[in-house]
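Below is one structure, written out as structure tokens, with a few remarks after it.
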Amino acid sequence: MPFFIKSKRKQSKSKTKNQRPQVSLSGEPSKRKRKKLRLQNEEIESESEIESDEGERKAEVVTSSDEEETAQEKKLRLAKEYLANLEQEEAEKREEDDIHRDIISHRLKQDLLEQSGKVQKLVADGYEQPSLDDIIVLRGHQLSVTCVVISPDKRHVFSGSKDCSIIKWDAVEGKRLHTIPGGRKGTEDTHTGHTDHVFCLAMSSDGKFLASGGKNKFVLLWNPDTCQLIHRFNGHRGAISGLAFRIGSHQLFSASHDRSIKIWNVDELAYIETLFGHSDAITGIDSLFRDRAITSGGRDASIRIWKVVEESQLVFNGDPGSIDCIAFINESNFISGTDNNSISIWSLMKKKPLVTVKNAHHGQDQNGNSSTQTNWITCVAALHNTDLVASAGSKDGCIKLWKISKNYTVLQPLYSIPMVGFVNSLAFSPDGQVLVAGIGQEHKLGRWWRIKEAKNGIRIIKLKRKDV
């Protein structure tokens, strides 16, 4: 069997070798040959198509794998960018936190130094001499203005007068906003307000409360925004001569001619305690951040600092005479004025003044003669934690600005601001840009003299700096 197959294969091979291709007369292959070639071509084309399809599928697989790798790389890149952004944001946040922490730390240290009285801002040399154009005159009281207070935002000024009224002023536009009228004597129980001379005003450091006192022997608490009465504190047996809020709180100190100081809780509308020590009528009071108050004792020629928490007091004795006004410069130093026309700077560490300026106001009396005896110091004011203070010498016709230097041992006069009338009250704005004065034809405590040319009212003095 295999032999025959082999022989047939050989025969077929020999035949194909010996056979010639059948060519038509036209020189073209025969029909049978063309059909065979066409089939072979078709078979070849189908194999190439299969190969091309397989190549396309392989390319698609490779492309899809490349795409998958690119997506993974993209995810990795985005993750790295996200982490880098987080690190950058955290670094910036840490820097901002460090900056804020440094600012807060500096501010806290500054506040601590201010509260302890160990810092003094040197600003006095930076002020210019106020001109007449820098003074705004506001009139509205019928009698002499005895006290003034300026709001913490320096937009409003309140003034009290011998006519028993309190007026709220717009310090920016210079106009009267509201008047709390005074009543007649004997109507204290029915009248909302004062029925006798108003001697003192005080406003809390946040501007929420206004306190007033006078000859009526009680303290009235007002809402500064609406000028509505909130409460009346009773307890003093004499005229209220001074009021002071402790800065940063609603604790109110009241001083009286009955020689006592009372402490009130304004939030609770309650009485706390009474302090005794002066042997004469108290003429002035002031307070800063600490739970303390400073008072001047008038004819007992003493100044007392009341430490409320420690339940103790510091006593400072001045020269013979009446210490009529007192004001804190900082927690460690204060200024006083007496009826012998002298101004003194004090320190907590010494019982005697560091410096005293005698004949500080040497103006003229009503007859035009030079007089120092009648020009006693009626009021003093200090721009807290700075080297700038102000004083008024009764009817000498001027307000003086002073510079404190050489560790509070030198008091130098800076400028003199002319005023016609009795300067009964002075108050600086917290930023030192405004000085408010209460002017009257008479002294706030009596009628020893009368200046008819004076106009009862307040003066708003704009203090300009040289570098502005």
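Residue numbering restarts at 1 for every chain of the structure tokens, chains are lettered A, B, ... in their displayed order, and ligands are numbered from 1 as they appear.
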
Using only C-alpha atoms, which residues of range 312-420 of chain A come within 12 Å of range 236-247 of chain A, and what is the closest atom pair for each, with the distance in Å to one decimal? Give it as JSON lines, sorted by chain and residue number.
```
{"residue": "A:Asp324", "atom": "CA", "partner": "A:Ser241", "partner_atom": "CA", "distance": 10.4}
{"residue": "A:Cys325", "atom": "CA", "partner": "A:Gly242", "partner_atom": "CA", "distance": 9.8}
{"residue": "A:Ile326", "atom": "CA", "partner": "A:Gly242", "partner_atom": "CA", "distance": 10.3}
{"residue": "A:Ala327", "atom": "CA", "partner": "A:Ala244", "partner_atom": "CA", "distance": 10.6}
{"residue": "A:Phe328", "atom": "CA", "partner": "A:Ala244", "partner_atom": "CA", "distance": 11.3}
{"residue": "A:Glu331", "atom": "CA", "partner": "A:Ile247", "partner_atom": "CA", "distance": 11.7}
{"residue": "A:His384", "atom": "CA", "partner": "A:Ile247", "partner_atom": "CA", "distance": 11.5}
```

Sel. of strand (DSSP E) residues, range 158-355 of chain A, as a PyMOL selection string: chain A and resi 158-161+166-170+175-180+198-203+210-214+219-223+228-233+240-245+251-256+260-265+270-276+284-286+292-296+302-307+312-317+323-328+333-338+342-347+355

C-alpha atoms of the current selection, written as an mmCIF file, in the first residue's frame:
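So out_17.cif came out as:
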```
data_model
loop_
_atom_site.group_PDB
_atom_site.id
_atom_site.type_symbol
_atom_site.label_atom_id
_atom_site.label_comp_id
_atom_site.auth_asym_id
_atom_site.auth_seq_id
_atom_site.Cartn_x
_atom_site.Cartn_y
_atom_site.Cartn_z
ATOM 1 C CA PHE A 158 -21.756 113.658 78.078
ATOM 2 C CA SER A 159 -21.778 116.769 80.235
ATOM 3 C CA GLY A 160 -23.354 117.616 83.598
ATOM 4 C CA SER A 161 -24.158 121.035 84.917
ATOM 5 C CA ILE A 166 -27.145 115.974 81.507
ATOM 6 C CA ILE A 167 -26.621 116.462 77.772
ATOM 7 C CA LYS A 168 -25.435 113.922 75.224
ATOM 8 C CA TRP A 169 -23.427 115.460 72.382
ATOM 9 C CA ASP A 170 -22.301 114.220 68.995
ATOM 10 C CA LYS A 175 -24.529 118.905 67.882
ATOM 11 C CA ARG A 176 -26.760 118.032 70.795
ATOM 12 C CA LEU A 177 -28.433 114.636 70.612
ATOM 13 C CA HIS A 178 -30.369 114.285 73.849
ATOM 14 C CA THR A 179 -31.016 116.151 77.077
ATOM 15 C CA ILE A 180 -31.866 114.593 80.445
ATOM 16 C CA VAL A 198 -24.545 117.374 88.934
ATOM 17 C CA PHE A 199 -20.928 117.015 90.063
ATOM 18 C CA CYS A 200 -19.535 113.918 88.346
ATOM 19 C CA LEU A 201 -19.975 111.505 85.445
ATOM 20 C CA ALA A 202 -18.359 108.168 84.593
ATOM 21 C CA MET A 203 -18.712 105.676 81.734
ATOM 22 C CA LEU A 210 -23.211 105.850 82.326
ATOM 23 C CA ALA A 211 -23.203 106.885 85.987
ATOM 24 C CA SER A 212 -23.946 110.334 87.370
ATOM 25 C CA GLY A 213 -23.848 111.868 90.827
ATOM 26 C CA GLY A 214 -24.310 115.192 92.543
ATOM 27 C CA VAL A 219 -25.927 107.653 92.058
ATOM 28 C CA LEU A 220 -27.981 107.276 88.902
ATOM 29 C CA LEU A 221 -27.201 104.598 86.331
ATOM 30 C CA TRP A 222 -28.150 105.304 82.703
ATOM 31 C CA ASN A 223 -28.175 103.601 79.327
ATOM 32 C CA GLN A 228 -32.992 105.886 79.913
ATOM 33 C CA LEU A 229 -32.633 105.453 83.652
ATOM 34 C CA ILE A 230 -31.608 101.925 84.703
ATOM 35 C CA HIS A 231 -31.234 102.143 88.469
ATOM 36 C CA ARG A 232 -30.673 104.456 91.413
ATOM 37 C CA PHE A 233 -28.075 103.601 94.063
ATOM 38 C CA ILE A 240 -21.412 112.543 95.372
ATOM 39 C CA SER A 241 -18.088 114.154 94.464
ATOM 40 C CA GLY A 242 -16.572 111.495 92.198
ATOM 41 C CA LEU A 243 -17.327 108.360 90.178
ATOM 42 C CA ALA A 244 -15.032 105.864 88.460
ATOM 43 C CA PHE A 245 -15.490 102.536 86.684
ATOM 44 C CA GLN A 251 -17.408 97.647 89.059
ATOM 45 C CA LEU A 252 -18.259 101.210 90.075
ATOM 46 C CA PHE A 253 -16.568 103.328 92.767
ATOM 47 C CA SER A 254 -18.367 106.349 94.215
ATOM 48 C CA ALA A 255 -16.806 108.998 96.467
ATOM 49 C CA SER A 256 -18.749 111.389 98.634
ATOM 50 C CA SER A 260 -16.608 107.347 102.371
ATOM 51 C CA ILE A 261 -16.158 105.320 99.201
ATOM 52 C CA LYS A 262 -18.760 102.795 98.125
ATOM 53 C CA ILE A 263 -18.346 99.943 95.671
ATOM 54 C CA TRP A 264 -21.251 98.840 93.452
ATOM 55 C CA ASN A 265 -21.806 95.871 91.156
ATOM 56 C CA ALA A 270 -26.083 95.650 94.022
ATOM 57 C CA TYR A 271 -24.049 97.285 96.774
ATOM 58 C CA ILE A 272 -20.762 95.582 97.682
ATOM 59 C CA GLU A 273 -19.013 97.454 100.495
ATOM 60 C CA THR A 274 -18.002 100.807 101.982
ATOM 61 C CA LEU A 275 -14.460 102.045 102.554
ATOM 62 C CA PHE A 276 -13.517 104.529 105.288
ATOM 63 C CA GLY A 284 -11.819 113.194 93.575
ATOM 64 C CA ILE A 285 -11.518 109.521 92.590
ATOM 65 C CA ASP A 286 -10.018 107.458 89.778
ATOM 66 C CA ARG A 292 -8.059 99.532 93.234
ATOM 67 C CA ALA A 293 -9.206 103.120 93.540
ATOM 68 C CA ILE A 294 -7.345 106.329 94.309
ATOM 69 C CA THR A 295 -8.968 109.246 96.146
ATOM 70 C CA SER A 296 -8.010 112.759 97.203
ATOM 71 C CA SER A 302 -3.928 113.022 101.936
ATOM 72 C CA ILE A 303 -4.161 110.702 98.959
ATOM 73 C CA ARG A 304 -5.254 107.126 99.516
ATOM 74 C CA ILE A 305 -5.033 104.077 97.274
ATOM 75 C CA TRP A 306 -7.611 101.468 98.234
ATOM 76 C CA LYS A 307 -6.618 97.845 97.648
ATOM 77 C CA SER A 312 -5.781 97.635 102.814
ATOM 78 C CA GLN A 313 -4.872 101.166 101.800
ATOM 79 C CA LEU A 314 -1.786 103.222 101.004
ATOM 80 C CA VAL A 315 -1.633 106.749 102.444
ATOM 81 C CA PHE A 316 0.310 109.620 100.851
ATOM 82 C CA ASN A 317 0.538 112.964 102.642
ATOM 83 C CA ILE A 323 -5.923 118.314 97.361
ATOM 84 C CA ASP A 324 -8.838 118.940 95.021
ATOM 85 C CA CYS A 325 -8.207 116.591 92.081
ATOM 86 C CA ILE A 326 -6.461 113.311 91.354
ATOM 87 C CA ALA A 327 -5.843 111.103 88.303
ATOM 88 C CA PHE A 328 -3.951 107.907 87.542
ATOM 89 C CA ASN A 333 2.131 106.804 89.095
ATOM 90 C CA PHE A 334 -0.496 109.511 89.505
ATOM 91 C CA ILE A 335 -0.939 113.277 89.371
ATOM 92 C CA SER A 336 -2.642 115.611 91.844
ATOM 93 C CA GLY A 337 -3.630 119.280 91.978
ATOM 94 C CA THR A 338 -4.106 121.450 95.047
ATOM 95 C CA SER A 342 0.681 123.360 92.541
ATOM 96 C CA ILE A 343 0.799 120.111 90.576
ATOM 97 C CA SER A 344 2.585 116.989 91.835
ATOM 98 C CA ILE A 345 3.631 113.662 90.303
ATOM 99 C CA TRP A 346 3.626 110.689 92.682
ATOM 100 C CA SER A 347 4.816 107.099 92.745
ATOM 101 C CA VAL A 355 8.191 116.356 91.531
#
```

Using the chain letters and numbers from this document, which residues of range 53-245 of chain A does DSSP assign to helix (DSSP H, G or I), as a PyMOL selection string? chain A and resi 53-116+124-126+132-134

If we count only C-alpha atoms, what is near Ser391 in chain A at a cut-off of 10 Å, once residues fewer than 6 positions away on the same chain are taken out, given as a PDB file with N, CA and C atoms, in the first residue's frame?
```
ATOM      1  N   CYS A 325      -8.008 117.461  93.244  1.00  0.00           N
ATOM      2  CA  CYS A 325      -8.207 116.591  92.081  1.00  0.00           C
ATOM      3  C   CYS A 325      -7.080 115.572  92.004  1.00  0.00           C
ATOM      4  N   ILE A 335      -1.110 111.832  89.325  1.00  0.00           N
ATOM      5  CA  ILE A 335      -0.939 113.277  89.371  1.00  0.00           C
ATOM      6  C   ILE A 335      -2.035 113.876  90.244  1.00  0.00           C
ATOM      7  N   SER A 336      -1.677 114.942  90.966  1.00  0.00           N
ATOM      8  CA  SER A 336      -2.642 115.611  91.844  1.00  0.00           C
ATOM      9  C   SER A 336      -2.528 117.120  91.678  1.00  0.00           C
ATOM     10  N   GLY A 337      -3.608 117.819  91.998  1.00  0.00           N
ATOM     11  CA  GLY A 337      -3.630 119.280  91.978  1.00  0.00           C
ATOM     12  C   GLY A 337      -4.222 119.810  93.270  1.00  0.00           C
ATOM     13  N   ILE A 343       1.065 121.422  91.180  1.00  0.00           N
ATOM     14  CA  ILE A 343       0.799 120.111  90.576  1.00  0.00           C
ATOM     15  C   ILE A 343       1.930 119.180  91.002  1.00  0.00           C
ATOM     16  N   ALA A 360       1.779 126.688  89.135  1.00  0.00           N
ATOM     17  CA  ALA A 360       1.667 126.091  87.797  1.00  0.00           C
ATOM     18  C   ALA A 360       0.817 126.937  86.867  1.00  0.00           C
ATOM     19  N   HIS A 361      -0.199 127.585  87.404  1.00  0.00           N
ATOM     20  CA  HIS A 361      -1.074 128.462  86.617  1.00  0.00           C
ATOM     21  C   HIS A 361      -1.015 129.857  87.230  1.00  0.00           C
ATOM     22  N   ILE A 377      -5.779 124.696  91.374  1.00  0.00           N
ATOM     23  CA  ILE A 377      -5.953 123.678  90.337  1.00  0.00           C
ATOM     24  C   ILE A 377      -7.324 123.031  90.525  1.00  0.00           C
ATOM     25  N   THR A 378      -8.173 123.167  89.523  1.00  0.00           N
ATOM     26  CA  THR A 378      -9.530 122.639  89.623  1.00  0.00           C
ATOM     27  C   THR A 378      -9.666 121.233  89.055  1.00  0.00           C
ATOM     28  N   CYS A 379      -8.815 120.877  88.079  1.00  0.00           N
ATOM     29  CA  CYS A 379      -8.920 119.529  87.494  1.00  0.00           C
ATOM     30  C   CYS A 379      -7.622 119.164  86.798  1.00  0.00           C
ATOM     31  N   VAL A 380      -7.346 117.875  86.798  1.00  0.00           N
ATOM     32  CA  VAL A 380      -6.192 117.325  86.085  1.00  0.00           C
ATOM     33  C   VAL A 380      -6.674 116.109  85.294  1.00  0.00           C
ATOM     34  N   ALA A 381      -5.949 115.796  84.244  1.00  0.00           N
ATOM     35  CA  ALA A 381      -6.266 114.615  83.417  1.00  0.00           C
ATOM     36  C   ALA A 381      -4.970 114.057  82.870  1.00  0.00           C
ATOM     37  N   ALA A 382      -4.946 112.751  82.646  1.00  0.00           N
ATOM     38  CA  ALA A 382      -3.755 112.087  82.132  1.00  0.00           C
ATOM     39  C   ALA A 382      -4.144 111.146  81.001  1.00  0.00           C
ATOM     40  N   CYS A 398      -6.686 129.414  80.913  1.00  0.00           N
ATOM     41  CA  CYS A 398      -5.963 128.522  80.011  1.00  0.00           C
ATOM     42  C   CYS A 398      -6.001 127.095  80.531  1.00  0.00           C
ATOM     43  N   ILE A 399      -5.769 126.170  79.582  1.00  0.00           N
ATOM     44  CA  ILE A 399      -5.529 124.758  79.883  1.00  0.00           C
ATOM     45  C   ILE A 399      -4.092 124.473  79.483  1.00  0.00           C
ATOM     46  N   LYS A 400      -3.350 123.808  80.346  1.00  0.00           N
ATOM     47  CA  LYS A 400      -1.945 123.541  80.066  1.00  0.00           C
ATOM     48  C   LYS A 400      -1.715 122.052  79.833  1.00  0.00           C
ATOM     49  N   LEU A 401      -0.901 121.804  78.817  1.00  0.00           N
ATOM     50  CA  LEU A 401      -0.438 120.445  78.553  1.00  0.00           C
ATOM     51  C   LEU A 401       0.997 120.326  79.051  1.00  0.00           C
ATOM     52  N   TRP A 402       1.275 119.197  79.719  1.00  0.00           N
ATOM     53  CA  TRP A 402       2.579 118.987  80.331  1.00  0.00           C
ATOM     54  C   TRP A 402       3.197 117.695  79.818  1.00  0.00           C
ATOM     55  N   SER A 416      -0.074 125.962  76.043  1.00  0.00           N
ATOM     56  CA  SER A 416      -1.144 126.577  76.806  1.00  0.00           C
ATOM     57  C   SER A 416      -2.293 126.878  75.846  1.00  0.00           C
ATOM     58  N   VAL A 423     -12.495 126.383  84.121  1.00  0.00           N
ATOM     59  CA  VAL A 423     -12.363 125.041  83.569  1.00  0.00           C
ATOM     60  C   VAL A 423     -12.596 124.062  84.719  1.00  0.00           C
ATOM     61  N   SER A 425     -13.628 120.722  84.409  1.00  0.00           N
ATOM     62  CA  SER A 425     -13.446 119.302  84.143  1.00  0.00           C
ATOM     63  C   SER A 425     -12.635 119.115  82.869  1.00  0.00           C
ATOM     64  N   LEU A 426     -11.808 118.051  82.855  1.00  0.00           N
ATOM     65  CA  LEU A 426     -11.015 117.692  81.687  1.00  0.00           C
ATOM     66  C   LEU A 426     -11.089 116.183  81.484  1.00  0.00           C
TER      67      LEU A 426
END
```
